[in-house]
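One file, data.tsv, carrying TSV, C-alpha atoms:
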```tsv
chain	number	residue	atom	x	y	z
A	18	MET	CA	-92.44	-105.56	-72.56
A	19	LYS	CA	-92.33	-102.17	-70.82
A	20	LYS	CA	-93.11	-102.12	-67.11
A	21	ILE	CA	-95.46	-99.62	-65.50
A	22	TYR	CA	-95.33	-98.81	-61.80
A	23	ILE	CA	-98.91	-98.15	-60.69
A	24	ALA	CA	-98.85	-95.40	-58.05
A	25	GLY	CA	-101.73	-94.05	-56.03
A	26	PHE	CA	-103.90	-94.22	-52.97
A	27	ASP	CA	-105.88	-97.17	-54.34
A	28	VAL	CA	-103.73	-99.33	-52.06
A	29	PHE	CA	-105.72	-97.95	-49.10
A	30	LYS	CA	-109.11	-99.00	-50.44
A	31	PRO	CA	-110.83	-102.09	-48.97
A	32	ASP	CA	-110.74	-103.80	-52.39
A	33	SER	CA	-107.17	-102.74	-53.15
A	34	LEU	CA	-105.99	-106.21	-54.23
A	35	GLU	CA	-108.83	-106.52	-56.75
A	36	ILE	CA	-108.09	-103.01	-58.03
A	37	GLY	CA	-104.45	-103.98	-58.50
A	38	LYS	CA	-105.41	-107.11	-60.43
A	39	LYS	CA	-107.71	-105.06	-62.67
A	40	TYR	CA	-105.03	-102.43	-63.32
A	41	LYS	CA	-102.43	-105.08	-64.09
A	42	LEU	CA	-104.85	-106.78	-66.49
A	43	THR	CA	-105.44	-103.45	-68.24
A	44	CYS	CA	-101.68	-103.02	-68.57
A	45	LYS	CA	-101.37	-106.50	-70.06
A	46	GLU	CA	-104.18	-105.85	-72.55
A	47	PHE	CA	-102.20	-102.87	-73.85
A	48	GLY	CA	-98.86	-104.68	-73.98
A	49	TYR	CA	-97.37	-103.56	-70.67
A	50	GLU	CA	-96.48	-105.30	-67.45
A	51	GLY	CA	-98.08	-103.66	-64.42
A	52	LEU	CA	-96.16	-103.44	-61.15
A	53	TYR	CA	-98.50	-102.79	-58.22
A	54	PRO	CA	-97.26	-101.83	-54.73
A	55	LEU	CA	-99.25	-104.64	-53.13
A	56	ASP	CA	-97.46	-107.24	-55.25
A	57	ASN	CA	-95.17	-107.40	-52.22
A	58	GLN	CA	-97.28	-108.54	-49.28
A	59	ILE	CA	-96.23	-107.98	-45.69
A	60	ASP	CA	-96.43	-110.66	-43.04
A	61	GLU	CA	-99.00	-109.75	-40.39
A	62	SER	CA	-96.62	-110.99	-37.68
A	63	TRP	CA	-94.03	-108.29	-38.51
A	64	SER	CA	-93.65	-105.23	-36.33
A	65	LYS	CA	-94.85	-101.93	-37.75
A	66	GLU	CA	-91.24	-100.84	-38.21
A	67	VAL	CA	-90.27	-103.99	-40.14
A	68	ALA	CA	-93.44	-103.75	-42.30
A	69	ARG	CA	-92.84	-100.03	-42.93
A	70	ASP	CA	-89.24	-100.59	-44.01
A	71	PHE	CA	-90.19	-103.54	-46.21
A	72	ILE	CA	-92.96	-101.59	-47.99
A	73	TYR	CA	-90.70	-98.61	-48.61
A	74	LYS	CA	-87.81	-100.73	-49.92
A	75	LYS	CA	-90.00	-102.87	-52.17
A	76	ASN	CA	-91.88	-99.90	-53.65
A	77	ILE	CA	-88.57	-98.18	-54.41
A	78	GLU	CA	-87.37	-101.37	-56.11
A	79	LEU	CA	-90.55	-101.54	-58.21
A	80	ILE	CA	-90.16	-97.92	-59.32
A	81	GLU	CA	-86.53	-98.56	-60.24
A	82	LYS	CA	-87.53	-101.69	-62.20
A	83	SER	CA	-90.26	-99.85	-64.09
A	84	ASP	CA	-89.93	-98.03	-67.40
A	85	LEU	CA	-92.62	-95.52	-66.53
A	86	VAL	CA	-95.10	-94.57	-63.83
A	87	VAL	CA	-98.86	-94.13	-64.02
A	88	ALA	CA	-100.16	-92.31	-60.95
A	89	ASN	CA	-103.54	-91.52	-59.45
A	90	GLY	CA	-103.45	-87.75	-58.95
A	91	ASN	CA	-106.96	-87.40	-57.59
A	92	PRO	CA	-107.39	-85.69	-54.21
A	93	PHE	CA	-106.80	-87.89	-51.19
A	94	ARG	CA	-107.85	-86.75	-47.73
A	95	GLY	CA	-108.16	-83.14	-48.88
A	96	ASP	CA	-107.43	-81.07	-51.99
A	97	GLU	CA	-104.06	-82.61	-52.80
A	98	LEU	CA	-102.92	-85.95	-54.15
A	99	ASP	CA	-101.58	-88.57	-51.73
A	100	SER	CA	-98.19	-87.60	-50.30
A	101	GLY	CA	-96.78	-91.09	-50.88
A	102	THR	CA	-97.83	-90.88	-54.52
A	103	ALA	CA	-96.23	-87.44	-54.80
A	104	PHE	CA	-92.98	-88.92	-53.46
A	105	GLU	CA	-93.13	-91.81	-55.94
A	106	ILE	CA	-93.72	-89.40	-58.82
A	107	GLY	CA	-90.78	-87.26	-57.72
A	108	TYR	CA	-88.54	-90.29	-57.37
A	109	ALA	CA	-89.51	-91.50	-60.85
A	110	ILE	CA	-88.81	-88.05	-62.33
A	111	ALA	CA	-85.41	-88.03	-60.62
A	112	LEU	CA	-84.74	-91.38	-62.33
A	113	LYS	CA	-85.76	-89.80	-65.68
A	114	LYS	CA	-88.82	-92.02	-66.06
A	115	GLN	CA	-91.92	-90.90	-67.93
A	116	VAL	CA	-94.83	-90.16	-65.60
A	117	VAL	CA	-98.52	-90.01	-66.49
A	118	ILE	CA	-100.89	-88.66	-63.86
A	119	TYR	CA	-104.59	-89.28	-64.24
A	120	MET	CA	-107.21	-87.08	-62.62
A	121	GLU	CA	-110.97	-86.78	-62.85
A	122	ASP	CA	-110.83	-82.99	-62.46
A	123	THR	CA	-108.07	-81.31	-64.47
A	124	ARG	CA	-109.26	-77.76	-63.95
A	125	ASP	CA	-106.77	-75.21	-62.69
A	126	TYR	CA	-105.77	-75.87	-59.07
A	127	LYS	CA	-106.97	-72.45	-57.94
A	128	GLN	CA	-110.45	-73.11	-59.39
A	129	LYS	CA	-110.93	-76.39	-57.56
A	130	CYS	CA	-109.25	-75.47	-54.27
A	131	THR	CA	-111.78	-75.89	-51.45
A	132	CYS	CA	-109.75	-74.12	-48.76
A	133	LYS	CA	-110.04	-70.55	-50.11
A	134	ASP	CA	-110.55	-67.63	-47.80
A	135	GLU	CA	-114.20	-66.53	-48.05
A	136	ASN	CA	-113.22	-62.94	-48.90
A	137	ARG	CA	-110.15	-63.46	-51.11
A	138	ASP	CA	-109.79	-66.12	-53.78
A	139	ASN	CA	-105.98	-65.95	-53.99
A	140	VAL	CA	-105.30	-67.13	-50.43
A	141	ASP	CA	-106.40	-70.06	-48.32
A	142	LYS	CA	-108.06	-69.93	-44.92
A	143	ASN	CA	-104.61	-69.65	-43.30
A	144	GLY	CA	-103.61	-66.65	-45.41
A	145	MET	CA	-101.25	-68.65	-47.65
A	146	PHE	CA	-101.19	-67.80	-51.35
A	147	ILE	CA	-102.87	-70.33	-53.64
A	148	GLU	CA	-100.75	-71.33	-56.58
A	149	ASP	CA	-102.13	-69.84	-59.80
A	150	PHE	CA	-100.34	-71.15	-62.89
A	151	ASN	CA	-103.28	-72.50	-64.92
A	152	TYR	CA	-102.29	-76.05	-64.00
A	153	PRO	CA	-104.24	-78.76	-62.16
A	154	LEU	CA	-101.44	-79.52	-59.66
A	155	ASN	CA	-98.45	-77.84	-58.09
A	156	LEU	CA	-96.07	-76.57	-60.78
A	157	MET	CA	-93.44	-79.12	-59.71
A	158	PHE	CA	-95.41	-81.73	-61.68
A	159	LEU	CA	-94.80	-79.92	-64.99
A	160	ASP	CA	-92.62	-82.76	-66.35
A	161	CYS	CA	-95.55	-85.15	-66.04
A	162	ASN	CA	-98.30	-85.82	-68.56
A	163	ILE	CA	-101.70	-85.07	-67.05
A	164	VAL	CA	-104.64	-87.09	-68.39
A	165	GLN	CA	-108.28	-86.41	-67.58
A	166	GLY	CA	-110.08	-89.57	-66.52
A	167	GLY	CA	-108.99	-92.76	-64.84
A	168	PHE	CA	-106.37	-95.46	-65.08
A	169	GLN	CA	-107.61	-96.78	-68.41
A	170	GLU	CA	-107.48	-93.31	-70.00
A	171	ALA	CA	-103.87	-93.00	-68.82
A	172	ILE	CA	-102.96	-96.30	-70.46
A	173	HIS	CA	-104.76	-95.24	-73.66
A	174	PHE	CA	-102.72	-92.03	-73.60
A	175	LEU	CA	-99.48	-94.03	-73.42
A	176	LYS	CA	-100.48	-96.31	-76.28
A	177	ASN	CA	-101.43	-93.36	-78.51
A	178	LYS	CA	-98.41	-91.21	-77.69
```
Could you rewrite the structure in this file as structure tokens?
Amino acid sequence: MKKIYIAGFDVFKPDSLEIGKKYKLTCKEFGYEGLYPLDNQIDESWSKEVARDFIYKKNIELIEKSDLVVANGNPFRGDELDSGTAFEIGYAIALKKQVVIYMEDTRDYKQKCTCKDENRDNVDKNGMFIEDFNYPLNLMFLDCNIVQGGFQEAIHFLKNK
């Protein structure tokens, strides 16, 4: 059975454990084993440094154990996807693993960018150019499959590929 590492900011939601159970059940229904970052629980008595190191190490191990990665690419705390998720995607790509990113809004990044300068649509409010490659994310995600919708649509995509 192929293993899917489930990446995304869902781990920060109040019901993150229930979300993980639901995602893992969806994986199982489609013949996959889901690996969720919160499968490895920290001990509340640990220092922040020990907990931080444990989480990092265990998530890296899960990515290495997985056959592919399904990642939540929706905006998190701004216009961009979660930086931890971006790292996990990059690490998986470096390991030559297939990555599927699901997003509710797959329009071109420039179209959905909320930080545009009021007078010029090709730069942000700080005068930085806005990437314009007719792609919903930064071009460095080109090796990933982008799926419009949620986690279930990403799993459907994998099954029908």
Item to check | Å distance separating CA of Leu112 in chain A from CA of Leu175 in chain A, one decimal place | outcome: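 That distance, rounded to one decimal, is 18.6 Å.
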Next on the checklist: Rounded to one decimal, what separation in Å do you get between CA of Ile106 in chain A and CA of Glu78 in chain A?
Outcome noted: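 The value is 13.8 Å.
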Item to check | Selection near Lys178 in chain A, 12 Å with all atoms listed in the file, sequence-local residues under 6 positions removed, as a ChimeraX atom specification | outcome: /A:115,117,162,164,171-172
Item to check | Selection near range 29-41 of chain A, 8 Å with all atoms listed in the file, sequence-local residues under 5 positions removed, as a list in words | outcome: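 What passes the distance filter is Ile23, Glu50, Gly51, Leu52, Tyr53, Leu55 and Phe168 of chain A.
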Next on the checklist: Just want the 12 Å neighbourhood of Tyr49 in chain A, counted on only C-alpha atoms, with same-chain residues fewer than 3 positions away dropped. Output as a ChimeraX atom specification.
Outcome noted: /A:18-23,40-46,52,83-87,172-173,175-176
Checklist entry - Distance CA of Arg137 in chain A-CA of Gln165 in chain A, one decimal place? => result 28.3 Å
Next on the checklist: Need the shell around Glu148 in chain A: protein/DNA/RNA residues with any atom at most 8 Å away, counting only C-alpha atoms. Skip same-chain ones fewer than 4 positions apart. Format as a ChimeraX atom specification?
Outcome noted: /A:126-127,139,155
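Every protein, DNA or RNA residue with an atom at most 12 Å from Pro153 in chain A, where only C-alpha atoms count and chain neighbours fewer than 4 positions away do not, is listed here: Gly90, Asn91, Pro92, Asp96, Glu97, Leu98, Ile118, Tyr119, Met120, Glu121, Asp122, Thr123, Arg124, Asp125, Tyr126, Lys127, Gln128, Lys129, Cys130, Glu148, Asp149, Met157, Phe158, Leu159, Cys161, Asn162, Ile163, Val164 and Gln165 of chain A.
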Next on the checklist: Measuring between only C-alpha atoms, which one of A:Gly107, A:Asn89, A:Glu66, A:Glu81 shows the shortest distance to Gln169 in chain A?
Outcome noted: A:Asn89
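Take the candidates A:Leu154, A:Ala109, A:Val116, A:Cys132 and check each one against Gly95 in chain A using only C-alpha atoms; the shortest distance goes to A:Cys132.
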Checklist entry - So, counting only C-alpha atoms, which residue among A:Asp99, A:Ile80, A:Phe150, A:Met145 is closest to Lys133 in chain A? => result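 Closest to Lys133 in chain A, using only C-alpha atoms: A:Met145.
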